[in-house]
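Below is one structure; the comments refer to it alone.
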Amino acid sequence: MRALSLDESVTQVFAAPGNPGTAQLATNYPVDILDGAAVAALAVRLEGDLVIVGPEAPLVAGVADAVRNAGIACFGPSGEAAQLEGSKAFAKQIMAEAGVPTAASFVCTTAEEASAALDAFGAPYVVKDDGLAGGKGVVVTSNRDEALAHAVSCERVVIEEYLDGPEVSLFVITDGVHALPLSAAQDFKRVGDGDTGPNTGGMGAYCPLPWAPADLQDQVLKRVALPVIARMAERGTPFAGLLYCGLALTSRGLRVVEFNARFGDPETEVILPLLTSPLGNTLYRAATGALVADEQLSWKGEAGVGVVLAANGYPGEPEKGGTIKLPPDTDRVHVIHAGTANVDGQLVAAGGRVLVVVATGADTEAARVAAYEHISRIDYPGGFNRSDIASAARLSGIAATLKGGQL
């Protein structure tokens, strides 16, 4: 939202349904985001030039199709193409057909199948709900009982081999033919310091990755994004929008962990402040099939760090209603509202992940210091955050792990 509001080619921004944070940058409109007809009707009424569908559930529900059918450009894949995120089994099938490197896996629908798959791979166990689960459908554990319990609780699961090595997120903007990679980022999925506790939707991120191989973007385009985009077009379900490539840089080379069909947070929050290319114009050209071959985006020579403030109890049952008092943003730090609401004139928590504090700096450490200093001035007793996002020790450890490695 902030990147769009700063784009000189964008004259007005609307958010539906929005929150107290988007209200500072755009005009909010209430709408059921899963109702394609309602979203399309709102876009027509507002005479919008471009609709950007943010969350995964509306994409899988076909909201982008409804908007395009109403004659308005839409950045976001069709409902069929969004199955790359909506079904992990479907994504595995596409990767197999496109020759994309990924973890070996089994698709299981019964406890007996799941049990056999767990034994085939051994610990650590990786169990993924086949459908959308709000970032909380994946269990990675060495406890077989826990892994089997998660598998049984899901209608269908993908059980796959554990991938060693650091994980990386790389977003690709595509019009269904051409592809523009964004800067790579890394997020922190576990809820606690030191990567402890259950998986979450993300507790923080940083960008760029000083330890990443220099040819990472080129390799991901060549070996992952472009083959998948080509295969989706071949099967009659072209993918145009944002392809999120979740990757593992393993001891055996690059592997795909998962695909998302939209901008993922908290990585997006640290990537876009570093972008100098006009975001709105770029997304509009992607939505209208107007990207060109070998096009490149331009970037600031800086770093970004984002830290999530979550409500106590997250990722289980978060405590809602806690009051929040924010200091003003600065030139280097801004706060993004993820799960907030205004109640009787008071800003309160209304979700699991409540805020994201994003800072930029000359390097990762400068951005990190700025982010945590800003957090120290936020009055939110009902929340918590990790204290080790983008820590120097973590980055040094990753660099040591990858030294001499190959993609």
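Labeling convention for the structure tokens: chains A, B, ... as they appear, residues from 1 per chain, ligands from 1 in order of appearance.
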Residue contacts of region 244-247 of chain A (10 Å, only C-alpha atoms) excluding same-chain residues fewer than 5 positions away, as a PyMOL selection string: chain A and resi 84-85+101-102+163+165-173+181-182+184-186+220-221+224-225+254-264
Could you save those same residues with C-alpha atoms as a PDB file, in the first residue's frame?
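Result file result-v5.pdb:
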```pdb
ATOM      1  CA  LEU A  84      -0.317 -23.321  -7.264  1.00  0.00           C
ATOM      2  CA  GLU A  85      -0.873 -22.024  -3.743  1.00  0.00           C
ATOM      3  CA  PRO A 101      13.719 -29.293  -8.378  1.00  0.00           C
ATOM      4  CA  THR A 102      11.740 -29.885  -5.195  1.00  0.00           C
ATOM      5  CA  LEU A 163      15.273 -30.055   3.114  1.00  0.00           C
ATOM      6  CA  GLY A 165      20.001 -25.466   4.321  1.00  0.00           C
ATOM      7  CA  PRO A 166      18.655 -21.906   4.629  1.00  0.00           C
ATOM      8  CA  GLU A 167      15.310 -20.920   3.140  1.00  0.00           C
ATOM      9  CA  VAL A 168      14.927 -17.973   0.783  1.00  0.00           C
ATOM     10  CA  SER A 169      11.906 -16.137  -0.601  1.00  0.00           C
ATOM     11  CA  LEU A 170      12.039 -14.772  -4.141  1.00  0.00           C
ATOM     12  CA  PHE A 171       9.044 -13.032  -5.712  1.00  0.00           C
ATOM     13  CA  VAL A 172       8.528 -12.925  -9.465  1.00  0.00           C
ATOM     14  CA  ILE A 173       6.169 -10.523 -11.218  1.00  0.00           C
ATOM     15  CA  PRO A 181      12.377 -11.048 -10.166  1.00  0.00           C
ATOM     16  CA  LEU A 182      12.353  -8.929  -7.026  1.00  0.00           C
ATOM     17  CA  ALA A 184      15.475 -12.013  -2.442  1.00  0.00           C
ATOM     18  CA  ALA A 185      14.480 -11.967   1.239  1.00  0.00           C
ATOM     19  CA  GLN A 186      14.416 -14.332   4.181  1.00  0.00           C
ATOM     20  CA  VAL A 220      15.527 -19.157  -9.877  1.00  0.00           C
ATOM     21  CA  LEU A 221      14.226 -17.638 -13.102  1.00  0.00           C
ATOM     22  CA  VAL A 224      11.993 -22.541 -11.358  1.00  0.00           C
ATOM     23  CA  ALA A 225       9.880 -19.529 -12.340  1.00  0.00           C
ATOM     24  CA  LEU A 254      18.352 -25.398  -5.047  1.00  0.00           C
ATOM     25  CA  ARG A 255      14.956 -26.892  -4.119  1.00  0.00           C
ATOM     26  CA  VAL A 256      11.440 -25.400  -4.113  1.00  0.00           C
ATOM     27  CA  VAL A 257       9.692 -25.555  -0.744  1.00  0.00           C
ATOM     28  CA  GLU A 258       6.406 -24.017  -1.846  1.00  0.00           C
ATOM     29  CA  PHE A 259       4.698 -21.557  -4.165  1.00  0.00           C
ATOM     30  CA  ASN A 260       2.395 -18.713  -3.217  1.00  0.00           C
ATOM     31  CA  ALA A 261       0.219 -16.849  -5.691  1.00  0.00           C
ATOM     32  CA  ARG A 262       0.549 -13.369  -4.164  1.00  0.00           C
ATOM     33  CA  PHE A 263       2.851 -11.041  -2.267  1.00  0.00           C
ATOM     34  CA  GLY A 264       3.762 -12.800   0.975  1.00  0.00           C
TER      35      GLY A 264
END
```
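Here the question is which of A:Leu309, A:Tyr284, A:His334, A:Gly321 gets nearest to Arg353 (chain A) using only C-alpha atoms, and that residue is A:Leu309.
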Quick one: residues within 6 Å of Ala310 (chain A), only C-alpha atoms, excluding same-chain residues fewer than 5 positions away - as a JSON list (two decimals) with C-alpha atoms, in the first residue's frame?
```
[["chain", "number", "residue", "atom", "x", "y", "z"],
["A", 352, "GLY", "CA", -2.66, -12.69, 15.54],
["A", 353, "ARG", "CA", 0.05, -10.73, 13.79],
["A", 354, "VAL", "CA", -0.82, -7.18, 14.71],
["A", 383, "GLY", "CA", 1.97, -8.28, 22.40],
["A", 384, "PHE", "CA", 5.36, -9.82, 21.85]]
```
Residues near Ala338 (chain A), cut-off 10 Å, only C-alpha atoms, skip fewer than 3 positions along chain, as a PyMOL selection string: chain A and resi 18-22+265-266+308-310+335+341+349-356
Backbone-only DSSP, helix (DSSP H, G or I) members of region 116-262 of chain A, as an MDAnalysis selection string: chainID A and resid 116:121 144:153 216:234
Given the selection you just returned, output its residues as a file containing N, CA and C atoms, formatted as a tab-separated table (two decimals), in the first residue's frame.
```
chain	number	residue	atom	x	y	z
A	116	ALA	N	2.84	-44.52	6.58
A	116	ALA	CA	3.84	-45.12	5.70
A	116	ALA	C	4.78	-44.07	5.13
A	117	ALA	N	4.23	-42.89	4.80
A	117	ALA	CA	5.06	-41.82	4.24
A	117	ALA	C	6.05	-41.30	5.27
A	118	LEU	N	5.59	-41.15	6.51
A	118	LEU	CA	6.48	-40.69	7.58
A	118	LEU	C	7.64	-41.66	7.77
A	119	ASP	N	7.33	-42.92	7.73
A	119	ASP	CA	8.39	-43.93	7.90
A	119	ASP	C	9.34	-43.96	6.71
A	120	ALA	N	8.81	-43.66	5.54
A	120	ALA	CA	9.65	-43.69	4.34
A	120	ALA	C	10.72	-42.61	4.38
A	121	PHE	N	10.36	-41.43	4.90
A	121	PHE	CA	11.31	-40.32	4.93
A	121	PHE	C	12.09	-40.24	6.25
A	144	ARG	N	7.24	-38.05	15.83
A	144	ARG	CA	6.39	-38.75	14.87
A	144	ARG	C	4.93	-38.65	15.24
A	145	ASP	N	4.59	-38.75	16.52
A	145	ASP	CA	3.19	-38.66	16.94
A	145	ASP	C	2.60	-37.30	16.57
A	146	GLU	N	3.38	-36.25	16.77
A	146	GLU	CA	2.90	-34.90	16.41
A	146	GLU	C	2.69	-34.80	14.91
A	147	ALA	N	3.62	-35.34	14.14
A	147	ALA	CA	3.50	-35.30	12.68
A	147	ALA	C	2.28	-36.06	12.21
A	148	LEU	N	2.04	-37.25	12.77
A	148	LEU	CA	0.90	-38.05	12.36
A	148	LEU	C	-0.41	-37.40	12.77
A	149	ALA	N	-0.42	-36.79	13.95
A	149	ALA	CA	-1.64	-36.12	14.42
A	149	ALA	C	-2.02	-34.98	13.48
A	150	HIS	N	-1.03	-34.23	13.03
A	150	HIS	CA	-1.33	-33.15	12.09
A	150	HIS	C	-1.85	-33.71	10.78
A	151	ALA	N	-1.22	-34.77	10.30
A	151	ALA	CA	-1.67	-35.38	9.05
A	151	ALA	C	-3.12	-35.85	9.15
A	152	VAL	N	-3.46	-36.49	10.24
A	152	VAL	CA	-4.81	-37.02	10.42
A	152	VAL	C	-5.84	-35.90	10.54
A	153	SER	N	-5.41	-34.75	11.06
A	153	SER	CA	-6.34	-33.63	11.24
A	153	SER	C	-6.69	-32.93	9.94
A	216	LEU	N	21.65	-15.98	-7.74
A	216	LEU	CA	20.43	-16.59	-7.22
A	216	LEU	C	19.22	-16.24	-8.07
A	217	GLN	N	19.00	-14.96	-8.38
A	217	GLN	CA	17.84	-14.56	-9.16
A	217	GLN	C	17.83	-15.23	-10.52
A	218	ASP	N	18.98	-15.22	-11.20
A	218	ASP	CA	19.06	-15.83	-12.53
A	218	ASP	C	18.75	-17.32	-12.47
A	219	GLN	N	19.27	-18.00	-11.45
A	219	GLN	CA	19.04	-19.43	-11.32
A	219	GLN	C	17.57	-19.74	-11.04
A	220	VAL	N	16.94	-18.92	-10.20
A	220	VAL	CA	15.53	-19.16	-9.88
A	220	VAL	C	14.66	-18.91	-11.10
A	221	LEU	N	14.97	-17.88	-11.87
A	221	LEU	CA	14.23	-17.64	-13.10
A	221	LEU	C	14.38	-18.82	-14.06
A	222	LYS	N	15.62	-19.24	-14.27
A	222	LYS	CA	15.91	-20.28	-15.26
A	222	LYS	C	15.38	-21.64	-14.87
A	223	ARG	N	15.51	-22.00	-13.59
A	223	ARG	CA	15.23	-23.36	-13.17
A	223	ARG	C	13.86	-23.54	-12.51
A	224	VAL	N	13.26	-22.43	-12.09
A	224	VAL	CA	11.99	-22.54	-11.36
A	224	VAL	C	10.88	-21.72	-12.00
A	225	ALA	N	11.01	-20.39	-11.97
A	225	ALA	CA	9.88	-19.53	-12.34
A	225	ALA	C	9.47	-19.68	-13.80
A	226	LEU	N	10.42	-19.53	-14.72
A	226	LEU	CA	10.06	-19.59	-16.14
A	226	LEU	C	9.55	-20.97	-16.56
A	227	PRO	N	10.14	-22.07	-16.09
A	227	PRO	CA	9.54	-23.38	-16.44
A	227	PRO	C	8.12	-23.55	-15.92
A	228	VAL	N	7.84	-23.07	-14.70
A	228	VAL	CA	6.49	-23.18	-14.15
A	228	VAL	C	5.53	-22.30	-14.94
A	229	ILE	N	5.94	-21.07	-15.23
A	229	ILE	CA	5.08	-20.16	-16.01
A	229	ILE	C	4.78	-20.76	-17.38
A	230	ALA	N	5.79	-21.33	-18.01
A	230	ALA	CA	5.59	-21.94	-19.33
A	230	ALA	C	4.65	-23.14	-19.25
A	231	ARG	N	4.81	-23.96	-18.21
A	231	ARG	CA	3.96	-25.15	-18.08
A	231	ARG	C	2.52	-24.75	-17.80
A	232	MET	N	2.31	-23.72	-16.98
A	232	MET	CA	0.95	-23.26	-16.70
A	232	MET	C	0.28	-22.77	-17.98
A	233	ALA	N	1.03	-22.09	-18.83
A	233	ALA	CA	0.47	-21.62	-20.10
A	233	ALA	C	0.14	-22.79	-21.02
A	234	GLU	N	1.02	-23.79	-21.05
A	234	GLU	CA	0.82	-24.96	-21.91
A	234	GLU	C	-0.45	-25.72	-21.55
```
Counting only C-alpha atoms, the option among A:Leu297, A:Ala123, A:Ala133, A:Ala81 closest to Ala179 (chain A): A:Leu297
Separation of CA of Asn143 (chain A) from CA of Tyr125 (chain A), in Å and rounded to one decimal: 7.6 Å
Residue contacts of Val13 (chain A) (10 Å, only C-alpha atoms) excluding same-chain residues fewer than 6 positions away, as JSON, numbers by chain: {"A": [1, 2, 4, 5, 22, 25, 26, 27, 28, 48, 50, 51]}
Okay, now the selection with N, CA and C atoms, as a short mmCIF file (atom, residue, chain, number, x, y, z; two decimals), in the first residue's frame?
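Wrote it out as result.cif, contents follow:
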```cif
data_model
loop_
_atom_site.label_atom_id
_atom_site.label_comp_id
_atom_site.auth_asym_id
_atom_site.auth_seq_id
_atom_site.Cartn_x
_atom_site.Cartn_y
_atom_site.Cartn_z
N MET A 1 0.82 -1.20 0.00
CA MET A 1 0.00 0.00 0.00
C MET A 1 0.86 1.26 0.00
N ARG A 2 1.87 1.27 0.88
CA ARG A 2 2.74 2.44 0.96
C ARG A 2 3.49 2.66 -0.35
N LEU A 4 2.59 1.80 -3.32
CA LEU A 4 1.65 2.29 -4.33
C LEU A 4 1.35 3.76 -4.12
N SER A 5 1.17 4.17 -2.88
CA SER A 5 0.85 5.57 -2.60
C SER A 5 1.99 6.51 -2.95
N THR A 22 -4.23 1.21 6.61
CA THR A 22 -4.47 1.57 5.22
C THR A 22 -5.24 2.88 5.11
N LEU A 25 -3.29 5.86 4.20
CA LEU A 25 -2.70 5.93 2.86
C LEU A 25 -3.72 5.85 1.74
N ALA A 26 -4.92 5.38 2.05
CA ALA A 26 -5.92 5.13 1.03
C ALA A 26 -7.31 5.39 1.61
N THR A 27 -8.31 5.24 0.74
CA THR A 27 -9.70 5.33 1.18
C THR A 27 -10.23 3.91 1.35
N ASN A 28 -10.68 3.57 2.53
CA ASN A 28 -11.18 2.22 2.80
C ASN A 28 -12.64 2.07 2.36
N GLY A 48 -11.92 2.19 -11.15
CA GLY A 48 -10.53 1.81 -10.96
C GLY A 48 -9.87 1.38 -12.26
N LEU A 50 -6.87 -0.44 -12.01
CA LEU A 50 -6.18 -1.68 -11.66
C LEU A 50 -6.63 -2.16 -10.30
N VAL A 51 -6.94 -3.44 -10.20
CA VAL A 51 -7.25 -4.08 -8.92
C VAL A 51 -6.12 -5.04 -8.60
#
```
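What separates CA of Glu267 (chain A) from CA of Arg368 (chain A) is a distance of 14.4 Å.
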Per-residue DSSP, region 128-251 of chain A, filtered to strand (DSSP E or B), as number ranges by chain: A: 128-129, 138-141, 157-160, 167-174, 179-181, 185-187, 190-192, 196-199, 204-207, 241-250
Suppose we keep N, CA and C atoms; can you now write the selection as a short mmCIF file (atom, residue, chain, number, x, y, z; two decimals), in the first residue's frame?
```
data_model
loop_
_atom_site.label_atom_id
_atom_site.label_comp_id
_atom_site.auth_asym_id
_atom_site.auth_seq_id
_atom_site.Cartn_x
_atom_site.Cartn_y
_atom_site.Cartn_z
N LYS A 128 2.38 -31.13 5.38
CA LYS A 128 1.75 -29.90 4.88
C LYS A 128 0.28 -30.15 4.53
N ASP A 129 -0.59 -29.36 5.12
CA ASP A 129 -1.99 -29.39 4.73
C ASP A 129 -2.07 -29.03 3.25
N VAL A 138 1.64 -26.06 8.10
CA VAL A 138 2.85 -26.87 7.96
C VAL A 138 3.40 -27.21 9.34
N VAL A 139 3.72 -28.48 9.54
CA VAL A 139 4.36 -28.93 10.77
C VAL A 139 5.69 -29.57 10.40
N VAL A 140 6.76 -29.07 11.00
CA VAL A 140 8.09 -29.66 10.85
C VAL A 140 8.54 -30.07 12.25
N THR A 141 8.72 -31.37 12.44
CA THR A 141 8.98 -31.86 13.79
C THR A 141 9.75 -33.18 13.73
N VAL A 157 -2.96 -34.36 2.87
CA VAL A 157 -1.69 -33.75 3.21
C VAL A 157 -0.62 -34.16 2.20
N VAL A 158 0.41 -33.32 2.12
CA VAL A 158 1.62 -33.65 1.40
C VAL A 158 2.71 -33.89 2.45
N ILE A 159 3.27 -35.09 2.46
CA ILE A 159 4.37 -35.41 3.36
C ILE A 159 5.62 -35.53 2.51
N GLU A 160 6.67 -34.77 2.88
CA GLU A 160 7.83 -34.72 2.02
C GLU A 160 9.13 -34.83 2.80
N GLU A 167 16.43 -21.19 4.04
CA GLU A 167 15.31 -20.92 3.14
C GLU A 167 15.36 -19.48 2.66
N VAL A 168 14.90 -19.28 1.44
CA VAL A 168 14.93 -17.97 0.78
C VAL A 168 13.58 -17.75 0.11
N SER A 169 13.13 -16.50 0.11
CA SER A 169 11.91 -16.14 -0.60
C SER A 169 12.27 -15.24 -1.78
N LEU A 170 11.80 -15.61 -2.98
CA LEU A 170 12.04 -14.77 -4.14
C LEU A 170 10.72 -14.60 -4.89
N PHE A 171 10.29 -13.35 -5.03
CA PHE A 171 9.04 -13.03 -5.71
C PHE A 171 9.33 -12.74 -7.17
N VAL A 172 8.40 -13.17 -8.03
CA VAL A 172 8.53 -12.92 -9.47
C VAL A 172 7.22 -12.32 -9.97
N ILE A 173 7.32 -11.15 -10.56
CA ILE A 173 6.17 -10.52 -11.22
C ILE A 173 6.11 -11.02 -12.65
N THR A 174 4.97 -11.54 -13.06
CA THR A 174 4.86 -12.10 -14.40
C THR A 174 3.54 -11.73 -15.06
N ALA A 179 8.99 -12.47 -16.99
CA ALA A 179 9.08 -12.50 -15.53
C ALA A 179 10.11 -11.50 -15.03
N LEU A 180 9.74 -10.79 -13.97
CA LEU A 180 10.61 -9.82 -13.32
C LEU A 180 10.88 -10.27 -11.88
N PRO A 181 12.11 -10.65 -11.54
CA PRO A 181 12.38 -11.05 -10.17
C PRO A 181 12.57 -9.84 -9.26
N ALA A 185 14.62 -12.26 -0.19
CA ALA A 185 14.48 -11.97 1.24
C ALA A 185 14.45 -13.27 2.01
N GLN A 186 14.56 -13.16 3.31
CA GLN A 186 14.42 -14.33 4.18
C GLN A 186 13.51 -13.97 5.33
N ASP A 187 12.56 -14.86 5.63
CA ASP A 187 11.67 -14.62 6.77
C ASP A 187 11.95 -15.62 7.88
N ARG A 190 9.36 -19.58 12.68
CA ARG A 190 9.08 -20.06 14.03
C ARG A 190 8.71 -18.90 14.95
N VAL A 191 7.88 -19.16 15.93
CA VAL A 191 7.35 -18.09 16.76
C VAL A 191 8.38 -17.54 17.74
N GLY A 192 9.37 -18.36 18.14
CA GLY A 192 10.27 -17.94 19.20
C GLY A 192 11.69 -17.71 18.76
N THR A 196 12.54 -21.40 17.58
CA THR A 196 11.86 -22.37 18.44
C THR A 196 10.35 -22.18 18.35
N GLY A 197 9.62 -23.20 18.76
CA GLY A 197 8.16 -23.11 18.78
C GLY A 197 7.54 -23.43 17.44
N PRO A 198 6.22 -23.33 17.36
CA PRO A 198 5.49 -23.71 16.14
C PRO A 198 5.70 -22.72 15.00
N ASN A 199 5.38 -23.18 13.79
CA ASN A 199 5.42 -22.32 12.62
C ASN A 199 4.33 -21.26 12.69
N GLY A 204 9.11 -11.99 11.03
CA GLY A 204 10.03 -10.94 10.64
C GLY A 204 10.77 -11.34 9.39
N ALA A 205 11.47 -10.39 8.79
CA ALA A 205 12.19 -10.66 7.55
C ALA A 205 13.25 -9.60 7.34
N TYR A 206 14.17 -9.89 6.41
CA TYR A 206 15.15 -8.89 6.02
C TYR A 206 15.51 -9.06 4.55
N CYS A 207 16.06 -8.02 3.96
CA CYS A 207 16.38 -7.97 2.54
C CYS A 207 17.39 -6.84 2.32
N GLY A 241 0.61 -12.66 -12.53
CA GLY A 241 0.48 -12.06 -11.21
C GLY A 241 1.79 -12.16 -10.48
N LEU A 242 1.73 -12.51 -9.23
CA LEU A 242 2.93 -12.62 -8.40
C LEU A 242 3.16 -14.09 -8.04
N LEU A 243 4.28 -14.62 -8.50
CA LEU A 243 4.65 -15.99 -8.15
C LEU A 243 5.71 -15.92 -7.06
N TYR A 244 5.32 -16.37 -5.88
CA TYR A 244 6.23 -16.41 -4.73
C TYR A 244 6.91 -17.76 -4.73
N CYS A 245 8.24 -17.74 -4.85
CA CYS A 245 9.01 -18.97 -4.83
C CYS A 245 9.68 -19.11 -3.47
N GLY A 246 9.19 -20.06 -2.67
CA GLY A 246 9.83 -20.37 -1.40
C GLY A 246 10.87 -21.44 -1.65
N LEU A 247 12.11 -21.17 -1.33
CA LEU A 247 13.23 -22.01 -1.75
C LEU A 247 14.07 -22.46 -0.57
N ALA A 248 14.74 -23.58 -0.74
CA ALA A 248 15.75 -24.03 0.20
C ALA A 248 17.05 -24.21 -0.56
N LEU A 249 18.14 -23.65 -0.03
CA LEU A 249 19.46 -23.81 -0.63
C LEU A 249 20.14 -24.96 0.09
N THR A 250 19.90 -26.15 -0.41
CA THR A 250 20.31 -27.37 0.29
C THR A 250 21.73 -27.80 -0.10
#
```
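Comparing the minimum interatomic distances between Phe14 (chain A) and each of A:Asp215, A:Glu112, A:Glu161, A:Glu47, counting only C-alpha atoms, we find that A:Glu47 sits nearest.
Proximity ranking of A:Arg252, A:Lys320, A:Arg45, A:Arg332 relative to Ala367 (chain A) places A:Arg332 first, based on only C-alpha atoms.
Each of A:Ala390, A:Ile52, A:Cys154, A:Ile72 was checked against Leu279 (chain A) using only C-alpha atoms; the smallest atom-to-atom distance is that of A:Ile52.
Using only C-alpha atoms, the shortest contact distance between Ser387 (chain A) and any of A:Val333, A:Ala400, A:Ala64, A:Val307 is found at A:Val307.
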